[in-house]
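Step one of this worksheet: look at the structure below.
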Amino acid sequence: MALDLIPYHKKNVLIIEDLAEMRSSMKSMLANMGVQQMETVNNGEEALAKLALNQYDIVFSDYELGRGKDGQQILEEVRYSGLIPAATVYIMVTAAQTVEMVMGALEFEPDGYITKPVTLEILRTRLNRIIRTKDVYREINRAIDKNDINGALEACNRLAVEKPKFALPAYRIKGKLLLGEKRYEEARDIYDTVLGIKRVAWAVLGMGKVEYFSGNYEAAQELLESLAKTKSKYVEAFDWLSKVLEAQGKFKAAQQVLQQAVEESPKAVVRQQELARLAELNGDMETMYKACRKATGLSKNSVFRNADNYIRYAKALQAKIKHGSMRDQKLAISEAFSHIETAKTDFHLNLSQMVKCGLVEAQTLHNSGKNLEGKMAYRAVCSMVKDDSTLSLDDQLDMLVAKLQFEDEADSRAYGTDLLKKIGSNRRLQSKYYSILDFHLSKLPEARMELLKQRGNELLGIKDYEEAWEVLYKATRLPCTDVDCQLDALKAVVNLYKQGKRNSELLNQANELFNILQNMDSGDPRYPTLEKLRLQWAEQTPDDSQSATG
Amino acid sequence: MTHNPQLADQLLAASIHEIKNRFGLMFSQLDQLLAALPLDDTLSHNAQQIKSEAEFIGAELVRVLASYKTLEGENIVNADQQFLVDFLEEKVARHANTVRAHDLNLAYDCDEELDGFFDAGIVNIVLDTAIYNAVQEGAKTILLTADQDSEGHALRIQIHDDGPGFPAAMLEADAAAGTGQGRVKADGQSTGLGLYFARRLISQHQEADQAGYVELGASDRLAGACVSLVLPQ
């Protein structure tokens, strides 16, 4: 049959498979089909080393590779670092159960997959099909491999005209190439054309990117949200949605979106690193710790290893060093030092990274009881930074943490007050500033109470009831809390309910506060305020308000 | 505590999602384990059945999740261009374990050039449901076919089998209700329930004012039943 004339004897094949039986069975089946040049490896690390050295026509990768990287991670790394030419056929071998996971990655898709159990017949049919399809794009891939982007774009046009059946796939490649070349308006035309024909997911994603790069964040958000809603398997939609939200200054929302994506596919390194970065911006140490731990494990021996992640990881370990059990403390201290060491020795650090790294080192020393060494490390950082204004405000907040530890209280508080002025109306940095001081004052309940009350009132003033409630409720839990604070907290929660943000936890907490205040003397000047809040609360919670009104 | 059915639903869906993922990983490890064991003919037939059952459970969980989302009113369809010969070939290959465990003859037949727009994930779920139903009814041969109407406005994918066919009462009820408005009820019987959700899933494929539908009938290619999915283009 003419269709069967694929010259397998000329093909150079790499098989990535951890089980010896499977390796030899694949080899004998391929030999049976005429393949003469075959190499095998049994893990991802060896595979990447081979791929960096040699060129293969066909790569078979098992999806489940036991310990170490899985097939998806190898593919992500290979595509990201351009380790294999576009012309190489990349095939994932997977159990029927995991096919959806494999094909769910819009940006890191293999050319095809073969499901287990692999028999000679299945291998022959599937491989023939995949190679023949790949062959349709031969000219395009050849141009891409020569880095001749215009040539590739022309080849896409030719394919669309000559074989209309492949017009959409040709446009898909074209859109991707144009985005890579930052030719956004041309990419927009392509996606417009496609979306005019059919609303396919990749075109929605592509258009979302065009809008993002063009600074039309609202349009981008709308497109990506619609995609994220239809099917969670398009995890890339979440990645880009998170970028769009961040660009609009919605850092918490951006983090939440990424957290969803991470739940969906926890093994993507870059996503975990991004989550750690956002969590740091939001001052969410718990999430930052988890994401750093994941990212560090996943990026072992990979191109995705970077200094930022190690520094961040050491920073995220501080809570464990300060408050963990003895055993946890010990482990966390040695872990933190080892990450700091890795960051310093394995990478060329820029000034901002050196400052961060030095501050984390000082903090680790201080938190593990080595105050003097800590102070010396801190001084070393100070000598590096001649002028604070060369540091980002985030870095300056890190400086504030160190100053509170190592400098005179009054001086560092003054540094903080100055910094707060520079922060101006930036909400994210404000929150970070207040949580740093809140943490610092943890042993001084009165001062902490004042701080929380002040911040809570500011937030009430700008109608951010969610965060106001968070802050003020914390203040009502302090032993030195007072009626004013309780009333302010209730103001926040009543307004939160008015905005439709309700849940049973809030309900219980608010009812508890109303209960505490139920014996307020009616002659108290604050009594009318309490009554008004009670009425509003009853309106918002008609079924559950007995305890508030009773 | 307040009564919160929405939260309960979300909890259930999240839990099924987790079970599905864990199960997938467990299954592929089981696969490797079974491959490494020296098994005689009887045992290896048993192993085959375990694999086939495990795949069935996996497919069932995927189906439950998708059905849950449609019940929630979420439109989960993401249509993309599919080349039918690739799609059906893959479907057949993915059922290699079903074929071995049940001595099944599973094949496909369609024009090399045919393409169409649909959500591959959803159509996969519906084809799985139809294939497993046919196997359960005792079919030994299953044929998947695809074609389109002369104007190219509708794509039809059919699952033919050589089993006993649908009971007359079921077909009558279906016809009485009118095409596309199938009255197969979610009556708790696995076949009925499966088709009920298959309908809901397929009807989410919409094009202009046309919605996709499922038709039950007798096969003109084999001696048994035929399930047709009609997808507007």
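Chain labels A, B, ... are given in the sequence in which chains occur in the structure tokens; within each chain residues are numbered consecutively from 1, and ligands are likewise numbered from 1 in the order shown.
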Selection: 10 Å around Gln206 in chain B, only C-alpha atoms, excl. self and same-chain fewer than 4 positions, as JSON, numbers by chain: {"B": [77, 79, 118, 202, 210, 211, 212, 213, 231, 232, 233]}
Write out, as a tab-separated table (two decimals), in the first residue's frame, the residues just selected, with N, CA and C atoms.
chain	number	residue	atom	x	y	z
B	77	VAL	N	-19.00	22.91	26.70
B	77	VAL	CA	-18.56	22.52	25.36
B	77	VAL	C	-17.48	23.46	24.82
B	79	ALA	N	-15.83	23.30	21.32
B	79	ALA	CA	-15.70	22.60	20.05
B	79	ALA	C	-14.39	22.98	19.36
B	118	PHE	N	-16.50	19.56	17.06
B	118	PHE	CA	-17.18	19.12	18.27
B	118	PHE	C	-16.17	19.08	19.41
B	202	ILE	N	-24.67	16.01	24.67
B	202	ILE	CA	-24.63	16.26	23.23
B	202	ILE	C	-25.47	17.49	22.87
B	210	GLN	N	-29.62	25.29	15.88
B	210	GLN	CA	-29.64	23.83	15.93
B	210	GLN	C	-28.86	23.32	17.14
B	211	ALA	N	-29.44	22.29	17.80
B	211	ALA	CA	-28.71	21.67	18.90
B	211	ALA	C	-28.41	20.22	18.56
B	212	GLY	N	-27.35	19.70	19.11
B	212	GLY	CA	-27.00	18.30	18.87
B	212	GLY	C	-28.01	17.38	19.53
B	213	TYR	N	-28.17	16.18	18.99
B	213	TYR	CA	-29.08	15.23	19.63
B	213	TYR	C	-28.62	13.80	19.44
B	231	LEU	N	-24.45	16.10	15.29
B	231	LEU	CA	-23.85	17.32	15.79
B	231	LEU	C	-23.94	18.42	14.74
B	232	PRO	N	-24.63	19.52	15.04
B	232	PRO	CA	-24.76	20.59	14.05
B	232	PRO	C	-23.40	21.22	13.76
B	233	GLN	N	-23.20	21.61	12.52
B	233	GLN	CA	-21.89	22.15	12.12
B	233	GLN	C	-21.98	23.61	11.75
With only C-alpha atoms counted and 9 Å as the cut-off, give the residues of chain A in contact with chain B, each with its shortest interatomic distance in Å and the pair that gives it, as JSON lines.
{"residue": "A:Leu19", "atom": "CA", "partner": "B:Gln32", "partner_atom": "CA", "distance": 7.9}
{"residue": "A:Glu21", "atom": "CA", "partner": "B:Ala36", "partner_atom": "CA", "distance": 7.4}
{"residue": "A:Met22", "atom": "CA", "partner": "B:Ala35", "partner_atom": "CA", "distance": 8.4}
{"residue": "A:Glu64", "atom": "CA", "partner": "B:Ser28", "partner_atom": "CA", "distance": 7.5}
{"residue": "A:Gly66", "atom": "CA", "partner": "B:Gln29", "partner_atom": "CA", "distance": 8.7}
{"residue": "A:Thr94", "atom": "CA", "partner": "B:Ser28", "partner_atom": "CA", "distance": 8.3}
{"residue": "A:Ala95", "atom": "CA", "partner": "B:Ser28", "partner_atom": "CA", "distance": 6.0}
{"residue": "A:Ala96", "atom": "CA", "partner": "B:Arg94", "partner_atom": "CA", "distance": 5.7}
{"residue": "A:Gln97", "atom": "CA", "partner": "B:Gly24", "partner_atom": "CA", "distance": 5.4}
{"residue": "A:Thr98", "atom": "CA", "partner": "B:Gly24", "partner_atom": "CA", "distance": 6.4}
{"residue": "A:Glu100", "atom": "CA", "partner": "B:Gly121", "partner_atom": "CA", "distance": 7.7}
{"residue": "A:Tyr113", "atom": "CA", "partner": "B:Glu90", "partner_atom": "CA", "distance": 8.9}
{"residue": "A:Ile114", "atom": "CA", "partner": "B:Ala93", "partner_atom": "CA", "distance": 7.9}
{"residue": "A:Thr115", "atom": "CA", "partner": "B:Arg94", "partner_atom": "CA", "distance": 5.8}
{"residue": "A:Lys116", "atom": "CA", "partner": "B:Arg94", "partner_atom": "CA", "distance": 7.8}
{"residue": "A:Pro117", "atom": "CA", "partner": "B:Ala96", "partner_atom": "CA", "distance": 6.9}
{"residue": "A:Val118", "atom": "CA", "partner": "B:Ala96", "partner_atom": "CA", "distance": 8.7}
{"residue": "A:Ile122", "atom": "CA", "partner": "B:Ala93", "partner_atom": "CA", "distance": 6.5}
{"residue": "A:Thr125", "atom": "CA", "partner": "B:Glu89", "partner_atom": "CA", "distance": 8.4}
{"residue": "A:Arg126", "atom": "CA", "partner": "B:Glu90", "partner_atom": "CA", "distance": 7.8}
{"residue": "A:Arg129", "atom": "CA", "partner": "B:Asp86", "partner_atom": "CA", "distance": 7.5}
{"residue": "A:Ile130", "atom": "CA", "partner": "B:Asp86", "partner_atom": "CA", "distance": 8.9}
{"residue": "A:Lys165", "atom": "CA", "partner": "B:Asp115", "partner_atom": "CA", "distance": 7.5}
{"residue": "A:Leu168", "atom": "CA", "partner": "B:Gln81", "partner_atom": "CA", "distance": 7.7}
{"residue": "A:Pro169", "atom": "CA", "partner": "B:Gln81", "partner_atom": "CA", "distance": 8.6}
{"residue": "A:Lys198", "atom": "CA", "partner": "B:Asp80", "partner_atom": "CA", "distance": 8.0}
{"residue": "A:Arg199", "atom": "CA", "partner": "B:Ala79", "partner_atom": "CA", "distance": 7.2}
{"residue": "A:Val200", "atom": "CA", "partner": "B:Asp80", "partner_atom": "CA", "distance": 5.2}
{"residue": "A:Ala201", "atom": "CA", "partner": "B:Asn78", "partner_atom": "CA", "distance": 6.2}
{"residue": "A:Trp202", "atom": "CA", "partner": "B:Asp80", "partner_atom": "CA", "distance": 8.6}
{"residue": "A:Leu227", "atom": "CA", "partner": "B:Asn78", "partner_atom": "CA", "distance": 8.5}
{"residue": "A:Lys229", "atom": "CA", "partner": "B:Ile76", "partner_atom": "CA", "distance": 7.7}
{"residue": "A:Thr230", "atom": "CA", "partner": "B:Ile76", "partner_atom": "CA", "distance": 4.4}
{"residue": "A:Lys231", "atom": "CA", "partner": "B:Ile76", "partner_atom": "CA", "distance": 5.6}
{"residue": "A:Ser504", "atom": "CA", "partner": "B:Thr2", "partner_atom": "CA", "distance": 6.6}
{"residue": "A:Asp544", "atom": "CA", "partner": "B:Thr2", "partner_atom": "CA", "distance": 8.7}
May I have the selected residues written with C-alpha atoms, as an mmCIF file, in the first residue's frame?
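Listing of result_27.cif after writing:
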data_model
loop_
_atom_site.group_PDB
_atom_site.id
_atom_site.type_symbol
_atom_site.label_atom_id
_atom_site.label_comp_id
_atom_site.auth_asym_id
_atom_site.auth_seq_id
_atom_site.Cartn_x
_atom_site.Cartn_y
_atom_site.Cartn_z
ATOM 1 C CA LEU A 19 10.420 -0.300 32.671
ATOM 2 C CA GLU A 21 10.280 -5.012 29.692
ATOM 3 C CA MET A 22 8.446 -2.135 28.056
ATOM 4 C CA GLU A 64 4.386 7.815 34.036
ATOM 5 C CA GLY A 66 8.174 6.375 38.247
ATOM 6 C CA THR A 94 0.051 6.765 28.222
ATOM 7 C CA ALA A 95 -2.668 4.774 29.943
ATOM 8 C CA ALA A 96 -6.128 5.471 28.531
ATOM 9 C CA GLN A 97 -6.920 7.131 31.863
ATOM 10 C CA THR A 98 -4.346 9.863 31.505
ATOM 11 C CA GLU A 100 -7.049 13.856 28.841
ATOM 12 C CA TYR A 113 -0.218 9.794 21.888
ATOM 13 C CA ILE A 114 -0.416 6.047 21.951
ATOM 14 C CA THR A 115 -2.410 4.305 24.637
ATOM 15 C CA LYS A 116 -1.247 1.236 26.512
ATOM 16 C CA PRO A 117 -1.235 -1.674 26.017
ATOM 17 C CA VAL A 118 0.924 -1.011 22.954
ATOM 18 C CA ILE A 122 -1.698 -0.301 17.373
ATOM 19 C CA THR A 125 -1.445 2.361 12.763
ATOM 20 C CA ARG A 126 -0.983 5.172 15.244
ATOM 21 C CA ARG A 129 -1.105 8.330 11.206
ATOM 22 C CA ILE A 130 0.863 10.689 13.423
ATOM 23 C CA LYS A 165 -9.033 21.003 5.645
ATOM 24 C CA LEU A 168 -7.440 26.092 10.936
ATOM 25 C CA PRO A 169 -4.372 24.224 12.169
ATOM 26 C CA LYS A 198 -15.780 28.922 15.035
ATOM 27 C CA ARG A 199 -15.242 29.704 18.681
ATOM 28 C CA VAL A 200 -12.362 27.302 19.221
ATOM 29 C CA ALA A 201 -10.499 27.331 22.535
ATOM 30 C CA TRP A 202 -7.016 27.977 21.164
ATOM 31 C CA LEU A 227 -12.445 29.955 28.594
ATOM 32 C CA LYS A 229 -15.248 28.584 32.893
ATOM 33 C CA THR A 230 -16.009 26.215 30.046
ATOM 34 C CA LYS A 231 -13.471 23.610 30.874
ATOM 35 C CA SER A 504 -21.757 30.540 57.798
ATOM 36 C CA ASP A 544 -30.629 33.532 61.284
#
Output as a PyMOL selection string all residues of range 83-174 of chain B that backbone DSSP marks as helix (DSSP H, G or I). chain B and resi 84-94+96-101+120-136+168-174
I'd like to know which residues of range 117-218 of chain B are strand (DSSP E) (by DSSP, run on the backbone); could you write them as a ChimeraX atom specification? /B:117-118,141-148,154-161,206-207,210-211,213-218
Please dump the current selection as an mmCIF file, in the first residue's frame; keep C-alpha atoms.
data_model
loop_
_atom_site.group_PDB
_atom_site.id
_atom_site.type_symbol
_atom_site.label_atom_id
_atom_site.label_comp_id
_atom_site.auth_asym_id
_atom_site.auth_seq_id
_atom_site.Cartn_x
_atom_site.Cartn_y
_atom_site.Cartn_z
ATOM 1 C CA PHE B 117 -16.412 20.528 14.867
ATOM 2 C CA PHE B 118 -17.183 19.122 18.269
ATOM 3 C CA THR B 141 -18.982 -6.723 17.274
ATOM 4 C CA ILE B 142 -19.111 -2.934 17.441
ATOM 5 C CA LEU B 143 -18.639 -0.633 14.490
ATOM 6 C CA LEU B 144 -18.088 3.130 14.726
ATOM 7 C CA THR B 145 -19.013 5.152 11.641
ATOM 8 C CA ALA B 146 -19.126 8.836 10.765
ATOM 9 C CA ASP B 147 -20.599 10.819 7.877
ATOM 10 C CA GLN B 148 -22.233 14.161 7.194
ATOM 11 C CA ALA B 154 -24.666 18.113 10.430
ATOM 12 C CA LEU B 155 -22.096 15.528 11.373
ATOM 13 C CA ARG B 156 -23.317 12.073 12.361
ATOM 14 C CA ILE B 157 -21.331 9.604 14.448
ATOM 15 C CA GLN B 158 -22.890 6.177 14.894
ATOM 16 C CA ILE B 159 -22.225 3.220 17.163
ATOM 17 C CA HIS B 160 -23.561 -0.011 15.621
ATOM 18 C CA ASP B 161 -23.577 -3.327 17.470
ATOM 19 C CA GLN B 206 -25.206 24.297 19.367
ATOM 20 C CA GLU B 207 -24.844 25.961 16.036
ATOM 21 C CA GLN B 210 -29.635 23.826 15.931
ATOM 22 C CA ALA B 211 -28.711 21.673 18.903
ATOM 23 C CA TYR B 213 -29.082 15.235 19.629
ATOM 24 C CA VAL B 214 -28.929 11.480 20.166
ATOM 25 C CA GLU B 215 -31.116 9.041 18.264
ATOM 26 C CA LEU B 216 -31.733 5.413 19.129
ATOM 27 C CA GLY B 217 -32.612 2.831 16.510
ATOM 28 C CA ALA B 218 -31.806 -0.425 14.783
#
Between CA of Arg199 in chain B and CA of Ala134 in chain B - distance in Å to one decimal: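 Computed distance, CA of Ala134 in chain B to CA of Arg199 in chain B, equals 16.8 Å.
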For CA of Ala155 in chain A and CA of Ile140 in chain A, the interatomic separation in Å (one decimal):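 Interatomic distance, CA of Ala155 in chain A to CA of Ile140 in chain A: 5.3 Å.
As for CA of Ser522 in chain A and CA of Asn495 in chain A, they are spaced 23.8 Å apart.
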